[in-house]
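Reading through the structure tokens given below for one structure.
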2 protein chains.
Amino acid sequence: MEVSILRNVLDANDLIAAENRRVFDARGCFVVNLMSAPGSGKTSILERTLRGLDGRLKAGVIEGDVLGTLDADRLAPLGVPVVQINTDPHFGGECHLDARMIRNALPELKLDGLDLVFIENVGNLVCPAEFRVGEDRKVMVLSVAEGDDKALKYPLMFRVSHLLLLNKVDLLSHVDFDPVRFRANVARVNPGLPVIELSARTGKGIDAWIGWLETEVAAAKGRVPCGAI
Amino acid sequence: MEVSILRNVLDANDLIAAENRRVFDARGCFVVNLMSAPGSGKTSILERTLRGLDGRLKAGVIEGDVLGTLDADRLAPLGVPVVQINTDPHFGGECHLDARMIRNALPELKLDGLDLVFIENVGNLVCPAEFRVGEDRKVMVLSVAEGDDKALKYPLMFRVSHLLLLNKVDLLSHVDFDPVRFRANVARVNPGLPVIELSARTGKGIDAWIGWLETEVAAAKGRVPCGAI
């Protein structure tokens, strides 16, 4: 019974995610669902990215947190539209964003003129991987401080992601993280997953990540009629 | 309706957690539910702790992971009884341990003669905080690499915990973590929460943590009749 409830929940979620996708597509918005464990550096990467884009792509952000507006407050000075979702209507709060939360947030985010929408998910390596929200691409962040074994312990996240940002590489000489073992573990779970090594602290790798975004957005623009709903 | 389903699930869980507690109490086992985000260092702390206890307290471990036996394999050479739970019966796997999983694991763990059982939860700062498993104490781990803001973003975990182990303090000079801001954020959510700073890598603080465990176990032995079910 638990399995069938879960299936129904995920089926219902997928329907709403598909609706969200139609809304994003009609506006020509490319959508990235950014996921990671707590404290891997999603918000710091977004700060660097939004500065690095320097207006070449117009971006907006949907921030997901159990509680509070800390991350939205950090991004506000960058002059991009930011909408905060709190998943905390009852008890401990939801540990992931789902498609309905994104649908409910959309009226607050002016999509017209946006090329790119980042959805920063709740920090969690398990459940966010199960819920489509209407994104074009799922991008996961892993910090080297979390260890080189995570692909084997949280395989679904690594399997569904289109890109892995390996963050905090400035810490590599201070932590027990073996890049060779890391790559081998990732390859066991998702052999084709591209990895960009970066440091939101030093800026290393941010250009490569922005290059990836620009390529993806350009390819999507080729596919999708822009600007009219 | 969602809220009432959640309440029923948690009520049912609490009943089984209370059963588990009776089993542990009757055997004189003190139980620690160890929780954190992925990669905060729970297993490394356990390795140090089991070595540091040096047989003064007899300990066993219940390892919770979505998939695999990596952590149980790491602890096996230490000669303590270890039972692995995988939460992956369907799709992405459960993102937390619940009381029923612990009940199902108990026949595999010989409790006789154990003073202390560590339950290493799935790496997640949200849902594990919602599910009692029959523990005496909830202990959370936070790595300084995760940032000083986590208490405000994942408040339930900080609120339900009896102790916070601040791990990876050897990285303090390499990350943007302000200990004063961290303490202030924790105090806003759970003013009385004790914090032990440690490094599983260097061993710093492990003695203080073992001291806390010994004090707690001794106090519990005073309360509970030992050895007979």
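Convention: chains lettered A, B, ... in structure tokens order; per-chain residue numbering from 1; ligands numbered from 1 as shown.
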Inset, instruction - Select from region 56-194 of chain B everything DSSP, run on the backbone, classes as strand (DSSP E or B), then give the selection as a PyMOL selection string. - result: chain B and resi 59-65+82-86+116-120+137-143+163-167
Tell me, counting only C-alpha atoms, for each residue of chain B within 9 Å of chain A, which pair of atoms is nearest and how far apart they are in Å to one decimal, in rows ordered by chain and increasing number, as a tab-separated table.
residue	atom	partner	partner_atom	distance
B:Val3	CA	A:His90	CA	7.3
B:Ala37	CA	A:Pro38	CA	6.3
B:Pro38	CA	A:Ala37	CA	6.3
B:Gly39	CA	A:Glu146	CA	3.8
B:Ser40	CA	A:Glu146	CA	6.4
B:Gly41	CA	A:Glu146	CA	7.9
B:Asp65	CA	A:Lys153	CA	6.6
B:Val66	CA	A:Lys153	CA	6.2
B:Leu67	CA	A:Lys153	CA	5.4
B:Gly68	CA	A:Lys153	CA	6.4
B:Thr69	CA	A:Lys153	CA	8.6
B:Leu70	CA	A:Lys153	CA	7.8
B:His90	CA	A:Val3	CA	7.3
B:Phe91	CA	A:Glu130	CA	7.9
B:Gly92	CA	A:Leu156	CA	5.7
B:Gly93	CA	A:Val126	CA	7.4
B:Glu94	CA	A:Val126	CA	7.7
B:Cys95	CA	A:Val126	CA	5.8
B:Gly123	CA	A:Leu125	CA	8.0
B:Asn124	CA	A:Asn124	CA	6.0
B:Leu125	CA	A:Pro38	CA	7.4
B:Val126	CA	A:Cys95	CA	5.8
B:Cys127	CA	A:Cys95	CA	6.7
B:Ala129	CA	A:Gly92	CA	7.4
B:Glu130	CA	A:Gly92	CA	6.3
B:Ser143	CA	A:Ala145	CA	8.6
B:Ala145	CA	A:Ala145	CA	6.6
B:Glu146	CA	A:Gly39	CA	3.8
B:Gly147	CA	A:Gly39	CA	5.9
B:Asp149	CA	A:Leu70	CA	8.3
B:Lys150	CA	A:Gly39	CA	7.7
B:Leu152	CA	A:Gly68	CA	6.9
B:Lys153	CA	A:Leu67	CA	5.4
B:Tyr154	CA	A:Val66	CA	6.4
B:Pro155	CA	A:Leu67	CA	7.8
B:Leu156	CA	A:Gly92	CA	5.7
B:Met157	CA	A:Gly92	CA	8.2
B:Asp170	CA	A:His174	CA	8.5
B:Leu171	CA	A:His174	CA	7.2
B:His174	CA	A:Leu171	CA	7.2
B:Val175	CA	A:Leu171	CA	8.3
B:Asp176	CA	A:Arg201	CA	8.8
B:Arg201	CA	A:Val175	CA	8.7
Inset, instruction - Write out as JSON, numbers by chain all residues of chain A that backbone DSSP assigns to helix (DSSP H, G or I). - result: {"A": [2, 3, 4, 5, 6, 7, 8, 9, 10, 11, 12, 13, 14, 15, 16, 17, 18, 19, 20, 21, 22, 23, 24, 25, 26, 27, 42, 43, 44, 45, 46, 47, 48, 49, 50, 51, 52, 53, 70, 71, 72, 73, 74, 75, 76, 77, 78, 99, 100, 101, 102, 103, 104, 105, 106, 107, 108, 127, 128, 129, 130, 144, 145, 146, 150, 151, 152, 153, 155, 156, 157, 158, 159, 160, 169, 170, 171, 172, 173, 174, 179, 180, 181, 182, 183, 184, 185, 186, 187, 188, 189, 206, 207, 208, 209, 210, 211, 212, 213, 214, 215, 216, 217, 218, 219, 220, 221, 222, 223]}
Legend entry - Atom-to-atom span, CA of Ile16 (chain B) and CA of Arg159 (chain B), Å: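 For CA of Ile16 (chain B) relative to CA of Arg159 (chain B), the distance reads 22.3 Å.
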Inset, instruction - Find the spatial neighbours of Asn190 (chain B), counting only C-alpha atoms, within a cut-off of 9 Å - ignore same-chain residues fewer than 4 positions away - and output them as a list of chain:residue names. - result: B:Ala151, B:Pro155, B:Phe158, B:Arg159, B:Val160, B:Ser161, B:Asn185, B:Val186
Selected residues, N, CA and C atoms, written as a PDB file, in the first residue's frame, please.
ATOM      1  N   ALA B 151      21.363  26.209  11.682  1.00  0.00           N
ATOM      2  CA  ALA B 151      20.318  26.158  12.723  1.00  0.00           C
ATOM      3  C   ALA B 151      19.073  26.917  12.288  1.00  0.00           C
ATOM      4  N   PRO B 155      15.728  24.056  11.541  1.00  0.00           N
ATOM      5  CA  PRO B 155      15.621  24.265  13.002  1.00  0.00           C
ATOM      6  C   PRO B 155      15.177  23.037  13.790  1.00  0.00           C
ATOM      7  N   PHE B 158      18.008  20.906  15.168  1.00  0.00           N
ATOM      8  CA  PHE B 158      18.731  21.543  16.275  1.00  0.00           C
ATOM      9  C   PHE B 158      17.865  21.575  17.536  1.00  0.00           C
ATOM     10  N   ARG B 159      16.533  21.642  17.349  1.00  0.00           N
ATOM     11  CA  ARG B 159      15.631  21.764  18.500  1.00  0.00           C
ATOM     12  C   ARG B 159      15.484  20.434  19.235  1.00  0.00           C
ATOM     13  N   VAL B 160      15.462  19.317  18.495  1.00  0.00           N
ATOM     14  CA  VAL B 160      15.216  18.025  19.156  1.00  0.00           C
ATOM     15  C   VAL B 160      16.498  17.382  19.683  1.00  0.00           C
ATOM     16  N   SER B 161      17.663  17.896  19.278  1.00  0.00           N
ATOM     17  CA  SER B 161      18.916  17.241  19.665  1.00  0.00           C
ATOM     18  C   SER B 161      19.302  17.568  21.112  1.00  0.00           C
ATOM     19  N   ASN B 185      23.240  31.594  16.321  1.00  0.00           N
ATOM     20  CA  ASN B 185      22.156  30.966  15.559  1.00  0.00           C
ATOM     21  C   ASN B 185      21.597  29.749  16.296  1.00  0.00           C
ATOM     22  N   VAL B 186      22.486  28.941  16.857  1.00  0.00           N
ATOM     23  CA  VAL B 186      22.026  27.772  17.618  1.00  0.00           C
ATOM     24  C   VAL B 186      21.201  28.228  18.822  1.00  0.00           C
TER      25      VAL B 186
END
Inset, instruction - Would you kindly return, as an MDAnalysis selection string, each protein, DNA or RNA residue with an atom no farther than 7 Å from any atom of Leu114 (chain B), considering only C-alpha atoms and excluding same-chain residues fewer than 5 positions away? - result: chainID B and resid 29 58:60
Print the selection's residues with N, CA, C and O atoms to a file, as a tab-separated table (two decimals), in the first residue's frame.
chain	number	residue	atom	x	y	z
B	29	CYS	N	20.63	-1.10	27.81
B	29	CYS	CA	21.38	-0.49	26.69
B	29	CYS	C	21.01	0.98	26.55
B	29	CYS	O	19.83	1.32	26.36
B	58	LYS	N	30.83	-1.43	26.37
B	58	LYS	CA	30.62	-2.34	25.24
B	58	LYS	C	29.57	-1.71	24.32
B	58	LYS	O	28.45	-1.43	24.77
B	59	ALA	N	29.95	-1.53	23.06
B	59	ALA	CA	29.06	-0.82	22.14
B	59	ALA	C	28.71	-1.67	20.94
B	59	ALA	O	29.47	-2.53	20.50
B	60	GLY	N	27.51	-1.41	20.40
B	60	GLY	CA	27.07	-1.98	19.13
B	60	GLY	C	26.56	-0.86	18.24
B	60	GLY	O	26.31	0.24	18.72
Selection: 8 Å around Lys138 (chain A), only C-alpha atoms, excl. self and same-chain fewer than 5 positions, as a PDB file with N, CA and C atoms, in the first residue's frame:
ATOM      1  N   VAL A  32      16.847  25.265 -14.279  1.00  0.00           N
ATOM      2  CA  VAL A  32      17.825  24.384 -13.647  1.00  0.00           C
ATOM      3  C   VAL A  32      17.391  24.103 -12.211  1.00  0.00           C
ATOM      4  N   ASN A  33      17.243  22.840 -11.886  1.00  0.00           N
ATOM      5  CA  ASN A  33      16.925  22.401 -10.520  1.00  0.00           C
ATOM      6  C   ASN A  33      18.243  22.063  -9.825  1.00  0.00           C
ATOM      7  N   LEU A  34      18.643  22.923  -8.881  1.00  0.00           N
ATOM      8  CA  LEU A  34      19.953  22.813  -8.231  1.00  0.00           C
ATOM      9  C   LEU A  34      19.787  22.095  -6.891  1.00  0.00           C
ATOM     10  N   MET A  35      20.448  20.954  -6.761  1.00  0.00           N
ATOM     11  CA  MET A  35      20.229  20.099  -5.586  1.00  0.00           C
ATOM     12  C   MET A  35      21.552  19.714  -4.939  1.00  0.00           C
ATOM     13  N   VAL A 160      20.024  10.675 -11.558  1.00  0.00           N
ATOM     14  CA  VAL A 160      19.078  11.544 -12.267  1.00  0.00           C
ATOM     15  C   VAL A 160      19.714  12.868 -12.696  1.00  0.00           C
ATOM     16  N   SER A 161      20.891  13.182 -12.176  1.00  0.00           N
ATOM     17  CA  SER A 161      21.481  14.498 -12.474  1.00  0.00           C
ATOM     18  C   SER A 161      22.105  14.533 -13.866  1.00  0.00           C
ATOM     19  N   HIS A 162      22.033  15.719 -14.490  1.00  0.00           N
ATOM     20  CA  HIS A 162      22.645  15.917 -15.803  1.00  0.00           C
ATOM     21  C   HIS A 162      24.057  16.487 -15.693  1.00  0.00           C
ATOM     22  N   LEU A 163      24.373  17.031 -14.547  1.00  0.00           N
ATOM     23  CA  LEU A 163      25.698  17.634 -14.330  1.00  0.00           C
ATOM     24  C   LEU A 163      25.986  17.595 -12.838  1.00  0.00           C
TER      25      LEU A 163
END
Inset, instruction - Find the distance between CA of Ile119 (chain A) and CA of Leu106 (chain A) and write it in Å to one decimal. - result: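 Going from CA of Ile119 (chain A) over to CA of Leu106 (chain A), I get 11.4 Å.
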Would you list the contacts of Asn20 (chain A) as a CSV table (one decimal) with C-alpha atoms, in the first residue's frame, taking every protein, DNA or RNA residue within 7 Å and counting only C-alpha atoms, but skipping same-chain residues closer than 4 positions in sequence?
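Output below, filename selection.csv:
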chain,number,residue,atom,x,y,z
A,16,ILE,CA,2.0,19.3,-12.3
A,24,PHE,CA,8.4,27.8,-18.7
A,103,ARG,CA,3.4,26.1,-9.5
A,134,GLY,CA,9.3,21.1,-14.3
